[in-house]
>>> print(open('start.cif').read())   # mmCIF, C-alpha atoms
data_model
loop_
_atom_site.label_atom_id
_atom_site.label_comp_id
_atom_site.auth_asym_id
_atom_site.auth_seq_id
_atom_site.Cartn_x
_atom_site.Cartn_y
_atom_site.Cartn_z
CA THR A 204 49.19 -76.82 -3.65
CA THR A 205 47.33 -73.66 -2.78
CA GLU A 206 49.19 -70.65 -1.50
CA ILE A 207 47.36 -68.74 1.18
CA ILE A 208 48.46 -65.20 1.91
CA ALA A 209 47.57 -63.97 5.39
CA ASP A 210 46.32 -60.38 5.43
CA SER A 211 45.58 -58.93 8.84
CA ALA A 212 46.64 -55.32 8.27
CA GLY A 213 44.45 -52.61 6.81
CA PRO A 214 45.49 -50.46 3.84
CA VAL A 215 48.09 -47.78 4.44
CA ILE A 216 46.72 -44.29 3.81
CA GLY A 217 49.06 -41.57 2.62
CA THR A 218 48.82 -37.86 3.33
CA VAL A 219 45.30 -36.50 3.01
CA ASN A 220 45.24 -33.55 0.60
CA VAL A 221 42.62 -31.03 -0.50
CA ASN A 222 43.05 -29.23 -3.81
CA ALA A 223 41.64 -25.87 -2.74
CA ASP A 224 43.86 -25.53 0.31
CA TYR A 225 44.69 -22.02 1.46
CA ALA A 226 47.32 -21.38 4.10
CA GLY A 227 46.76 -24.88 5.47
CA ALA A 228 43.62 -23.60 7.18
CA TYR A 229 40.82 -22.93 4.68
CA VAL A 230 39.07 -24.64 1.77
CA ASP A 231 36.76 -23.25 -0.89
CA GLY A 232 33.31 -24.20 0.38
CA THR A 233 31.80 -23.86 -3.10
CA GLY A 234 33.70 -26.94 -4.26
CA PHE A 235 36.89 -28.81 -3.36
CA ASP A 236 38.45 -32.24 -3.86
CA ILE A 237 40.05 -34.70 -1.42
CA THR A 238 42.65 -37.30 -2.30
CA ALA A 239 45.04 -39.70 -0.57
CA LYS A 240 47.16 -42.63 -1.69
CA VAL A 241 45.84 -46.03 -0.55
CA THR A 242 48.30 -48.96 -0.50
CA ASP A 243 47.51 -52.63 0.16
CA VAL A 244 47.78 -56.07 -1.46
CA SER A 245 44.13 -55.65 -2.41
CA VAL A 246 41.82 -52.67 -1.94
CA SER A 247 38.08 -53.17 -2.24
CA GLY A 248 37.01 -49.58 -1.68
CA CYS A 249 37.52 -46.31 0.18
CA GLU A 250 35.59 -43.63 1.99
CA TYR A 251 36.02 -40.04 3.14
CA THR A 252 34.70 -38.03 6.06
CA LEU A 253 34.13 -34.32 6.66
CA ASP A 254 33.32 -34.55 10.36
CA GLY A 255 35.53 -37.40 11.53
CA SER A 256 32.61 -39.74 12.16
CA SER A 257 30.26 -39.94 9.17
CA TRP A 258 31.80 -41.71 6.17
CA ASN A 259 30.91 -41.28 2.49
CA LEU A 260 31.81 -43.42 -0.49
CA GLY A 261 35.00 -42.35 -2.28
CA LEU A 262 36.37 -43.47 -5.64
CA PHE A 263 39.44 -45.72 -5.66
CA ASP A 264 41.30 -45.41 -8.96
CA GLY A 265 43.81 -48.18 -8.31
CA ALA A 266 46.22 -46.00 -6.40
CA ASN A 267 44.34 -43.13 -4.76
CA CYS A 268 41.05 -42.53 -3.03
CA ASN A 269 39.33 -39.48 -4.50
CA ALA A 270 36.29 -37.39 -3.63
CA THR A 271 35.42 -34.46 -5.88
CA GLY A 272 33.08 -31.48 -5.94
CA ILE A 273 32.55 -31.37 -2.19
CA THR A 274 30.73 -28.35 -0.80
CA ALA A 275 30.37 -26.99 2.74
CA ALA A 276 28.57 -24.08 4.34
CA ASP A 277 30.49 -20.93 5.15
CA ALA A 278 32.51 -21.09 8.40
CA THR A 279 32.00 -24.87 8.79
CA VAL A 280 34.97 -26.48 10.55
CA LEU A 281 35.78 -29.71 8.70
CA THR A 282 37.62 -32.76 10.02
CA ILE A 283 38.73 -34.37 6.75
CA ASN A 284 40.04 -37.89 6.45
CA ILE A 285 40.13 -40.96 4.20
CA ARG A 286 40.01 -44.68 4.96
CA GLY A 287 40.39 -47.75 2.80
CA THR A 288 39.13 -51.32 3.09
CA ASP A 289 40.89 -54.39 1.70
CA ASN A 290 39.32 -57.55 0.31
CA VAL A 291 39.18 -59.30 3.68
CA GLY A 292 37.58 -56.36 5.47
CA ASN A 293 40.62 -54.79 7.14
CA ILE A 294 40.34 -51.02 7.40
CA GLY A 295 43.16 -48.50 7.34
CA THR A 296 42.49 -44.87 8.29
CA GLY A 297 44.58 -41.82 7.47
CA SER A 298 45.59 -38.89 9.64
CA ALA A 299 42.82 -36.29 9.73
CA ILE A 300 43.32 -32.68 8.72
CA THR A 301 41.19 -29.73 9.83
CA ARG A 302 40.05 -26.98 7.49
CA THR A 303 37.42 -24.24 7.65
CA ALA A 304 35.13 -23.72 4.67
CA ASP A 305 35.02 -20.21 3.21
CA VAL A 306 32.21 -19.34 0.81
CA ASN A 307 31.63 -15.60 0.97
CA ALA A 308 33.68 -12.70 -0.36
CA PRO A 309 34.78 -9.87 1.96
CA VAL A 310 32.21 -7.22 2.87
CA VAL A 311 33.17 -3.63 2.08
CA SER A 312 31.48 -0.90 4.10
CA ALA A 313 30.60 2.60 2.93
CA ILE A 314 33.45 4.46 1.22
CA THR A 315 34.45 7.86 2.61
CA THR A 316 36.84 10.57 1.51
CA ILE A 317 38.69 12.93 3.81
CA PRO A 318 37.97 15.79 3.47
CA THR A 319 34.42 15.85 2.08
CA TYR A 320 32.38 19.02 1.62
CA ASN A 321 28.71 18.90 0.72
CA ASN A 322 27.15 21.82 -1.11
CA ALA A 323 23.49 21.58 -2.14
CA GLY A 324 23.69 17.79 -2.33
CA THR A 325 26.95 17.67 -4.30
CA ASN A 326 30.04 16.24 -2.60
CA PHE A 327 33.40 17.87 -3.11
CA THR A 328 36.91 17.06 -1.91
CA SER A 329 40.32 18.71 -2.06
CA ALA A 330 43.15 18.18 -4.54
CA ILE A 331 44.90 15.80 -2.13
CA TYR A 332 42.55 13.51 -0.25
CA ASN A 333 42.35 10.18 1.60
CA ILE A 334 39.96 7.30 0.91
CA THR A 335 38.95 4.87 3.63
CA THR A 336 36.52 2.07 4.48
CA SER A 337 36.26 -0.99 6.70
CA ILE A 338 36.56 -4.45 5.12
CA THR A 339 35.62 -7.64 6.94
CA ASP A 340 35.44 -11.37 6.24
CA THR A 341 33.66 -13.80 8.55
CA VAL A 342 36.15 -16.63 7.93
CA SER A 343 39.53 -16.13 6.26
CA PRO A 344 41.75 -13.09 6.84
CA ILE A 345 41.90 -10.18 4.41
CA SER A 346 45.12 -10.42 2.39
CA GLY A 347 45.01 -6.93 0.87
CA CYS A 348 42.90 -4.09 -0.52
CA GLU A 349 42.87 -1.62 -3.41
CA TYR A 350 41.20 1.59 -4.49
CA THR A 351 40.06 3.15 -7.74
CA ASN A 352 39.12 6.71 -8.66
CA ASP A 353 38.27 6.08 -12.31
CA SER A 354 35.18 3.83 -12.07
CA GLY A 355 37.27 0.68 -11.73
CA ALA A 356 39.31 1.07 -14.92
CA ASN A 357 42.45 0.98 -12.78
CA TRP A 358 42.97 -0.37 -9.26
CA MET A 359 45.84 0.80 -7.08
CA PRO A 360 47.24 -0.77 -3.88
CA ALA A 361 45.93 0.57 -0.60
CA THR A 362 46.91 -0.19 3.00
CA TYR A 363 44.94 -2.68 5.09
CA ASN A 364 45.35 -2.62 8.86
CA LEU A 365 43.09 -3.80 11.67
CA GLY A 366 40.01 -4.02 9.47
CA VAL A 367 40.45 -0.67 7.74
CA CYS A 368 41.53 -0.04 4.15
CA THR A 369 43.13 3.36 3.53
CA ALA A 370 44.54 5.17 0.51
CA THR A 371 46.39 8.34 1.45
CA ASP A 372 47.39 11.47 -0.48
CA VAL A 373 45.37 10.66 -3.57
CA ILE A 374 45.78 13.49 -6.06
CA GLY A 375 42.93 14.98 -8.09
CA VAL A 376 42.59 17.69 -10.71
CA ASP A 377 40.54 20.78 -9.97
CA GLY A 378 37.06 20.61 -11.46
CA LEU A 379 37.15 16.90 -12.36
CA SER A 380 34.63 14.38 -11.05
CA TYR A 381 35.98 11.06 -9.73
CA THR A 382 34.12 7.78 -9.20
CA ILE A 383 35.82 6.26 -6.16
CA ASN A 384 35.64 2.74 -4.78
CA MET A 385 37.55 0.15 -2.74
CA ARG A 386 37.80 -3.63 -2.77
CA GLY A 387 39.29 -6.29 -0.51
CA THR A 388 40.71 -9.76 -1.17
CA ASP A 389 40.54 -12.62 1.33
CA SER A 390 42.85 -15.60 1.81
CA LEU A 391 41.02 -17.57 -0.89
CA SER A 392 41.49 -14.73 -3.40
CA ARG A 393 37.80 -13.87 -3.28
CA VAL A 394 37.18 -10.19 -3.95
CA GLY A 395 34.52 -8.03 -2.33
CA THR A 396 33.84 -4.61 -3.85
CA GLY A 397 32.16 -1.62 -2.25
CA THR A 398 29.53 0.78 -3.55
CA PRO A 399 31.15 3.59 -5.56
CA ILE A 400 30.89 7.23 -4.58
CA THR A 401 31.44 10.39 -6.64
CA ARG A 402 33.55 13.36 -5.61
CA ILE A 403 34.39 16.57 -7.45
CA VAL A 404 37.80 18.06 -6.74
CA ASP A 405 37.71 21.75 -5.85
CA PHE A 406 40.81 23.45 -4.59
CA ALA A 407 40.97 26.71 -6.58
CA ALA A 408 39.71 29.84 -4.88
CA PRO A 409 36.77 31.65 -6.48
CA THR A 410 37.65 34.32 -9.05
CA THR A 411 36.13 37.78 -8.84
CA THR A 412 35.81 40.36 -11.59
CA ASP A 413 35.96 44.08 -10.88
CA ASP A 414 34.02 45.98 -13.53
CA SER A 415 34.26 49.37 -11.81
CA VAL A 416 35.68 52.26 -13.76
CA ILE A 417 38.24 54.38 -12.03
#
>>> encode(input="start.cif", output="structure tokens")
Amino acid sequence: TTEIIADSAGPVIGTVNVNADYAGAYVDGTGFDITAKVTDVSVSGCEYTLDGSSWNLGLFDGANCNATGITAADATVLTINIRGTDNVGNIGTGSAITRTADVNAPVVSAITTIPTYNNAGTNFTSAIYNITTSITDTVSPISGCEYTNDSGANWMPATYNLGVCTATDVIGVDGLSYTINMRGTDSLSRVGTGTPITRIVDFAAPTTTDDSVI
């Protein structure tokens, strides 16, 4: 006797996952992987989509459908899904997820210090000063920013609010020159760094010498 097993249902697709998933909203557009569990009596192959309509060949490893090293242009909105086919042609499709590809690091505008005094092309500031700049990212939100006043040897936390990074009440030593910069980090942990500026701290009043003889 021959046993015939009827198979009219497509494979069951588990949760669709991406490995470079940030805040459930963004993926690293320079390279990410997709995977989902595929369950059926027999699976002949699987596919993945990035737009919900065009399907590309995935790799079925006996349990999961995998797609690796996927890239996408910055700010591309992706509709990601996986489907599997069994040996009699039934297709099972997963539940799509939406992610936006992020490729570029934050952009840091010109750094300024408050106050700044220019004398014959040399910029000075006071012993206690503020540093500020605007930091933007076209896709994922900025998660934080930092500043340095020693050419990047040390970075200290600054405050980010409404597109502006600010470090307040930074203390300098009279007569010393400081190389100042700021950097911002986006939701994918990409770091964008500004162009450094130099300031000399000057807070002591000029000294005068009286050589008159009384």
>>> closest_atom_pairs(input="start.cif", of="range 243-321 of chain A", to="range 349-366 of chain A", cutoff="12 Å", atoms="all atoms listed in the file", output="CSV")
residue,atom,partner,partner_atom,distance
A:Pro309,CA,A:Gly366,CA,10.9
A:Val310,CA,A:Gly366,CA,10.7
A:Val311,CA,A:Gly366,CA,10.1
A:Ser312,CA,A:Gly366,CA,10.6
A:Ile314,CA,A:Tyr350,CA,10.0
A:Thr315,CA,A:Tyr350,CA,11.6
A:Thr316,CA,A:Asn352,CA,11.1
>>> atom_distance(input="start.cif", atom1="CA of Asp305 in chain A", atom2="CA of Ile383 in chain A")
28.1 Å
>>> closest_residue(input="start.cif", among="A:Ile338, A:Val376, A:Asn384, A:Thr252", to="Ile400 in chain A", atoms="all atoms listed in the file")
A:Asn384
>>> residues_around(input="start.cif", residues="Cys249 in chain A", least_positions_apart="3", cutoff="7 Å", atoms="all atoms listed in the file", output="PyMOL selection string")
chain A and resi 260-263+268+286-288
>>> closest_residue(input="start.cif", among="A:Asn259, A:Val394, A:Ser380, A:Asn222", to="Thr325 in chain A", atoms="only C-alpha atoms")
A:Ser380
>>> residues_around(input="start.cif", residues="Ile331 in chain A", least_positions_apart="6", cutoff="10 Å", atoms="only C-alpha atoms", output="number ranges by chain")
A: 317-318, 371-376, 404, 406
>>> write_last_selection(input="start.cif", atoms="C-alpha atoms", output="short mmCIF file (atom, residue, chain, number, x, y, z; two decimals), in the frame of the given file")
data_model
loop_
_atom_site.label_atom_id
_atom_site.label_comp_id
_atom_site.auth_asym_id
_atom_site.auth_seq_id
_atom_site.Cartn_x
_atom_site.Cartn_y
_atom_site.Cartn_z
CA ILE A 317 38.69 12.93 3.81
CA PRO A 318 37.97 15.79 3.47
CA THR A 371 46.39 8.34 1.45
CA ASP A 372 47.39 11.47 -0.48
CA VAL A 373 45.37 10.66 -3.57
CA ILE A 374 45.78 13.49 -6.06
CA GLY A 375 42.93 14.98 -8.09
CA VAL A 376 42.59 17.69 -10.71
CA VAL A 404 37.80 18.06 -6.74
CA PHE A 406 40.81 23.45 -4.59
#
>>> atom_distance(input="start.cif", atom1="CA of Val246 in chain A", atom2="CA of Gly295 in chain A")
10.3 Å
>>> residues_around(input="start.cif", residues="Ala276 in chain A", least_positions_apart="4", cutoff="7 Å", atoms="only C-alpha atoms", output="list in words")
Gly232, Ala304 and Val306 of chain A
>>> closest_residue(input="start.cif", among="A:Val291, A:Ala299, A:Thr242, A:Leu281", to="Asn220 in chain A", atoms="only C-alpha atoms")
A:Ala299
>>> residues_around(input="start.cif", residues="Ala239 in chain A", least_positions_apart="5", cutoff="8 Å", atoms="all atoms listed in the file", output="PyMOL selection string")
chain A and resi 216-220+267-269+285
>>> closest_residue(input="start.cif", among="A:Ala266, A:Leu253, A:Ser247, A:Ser392", to="Ala223 in chain A", atoms="all atoms listed in the file")
A:Ser392
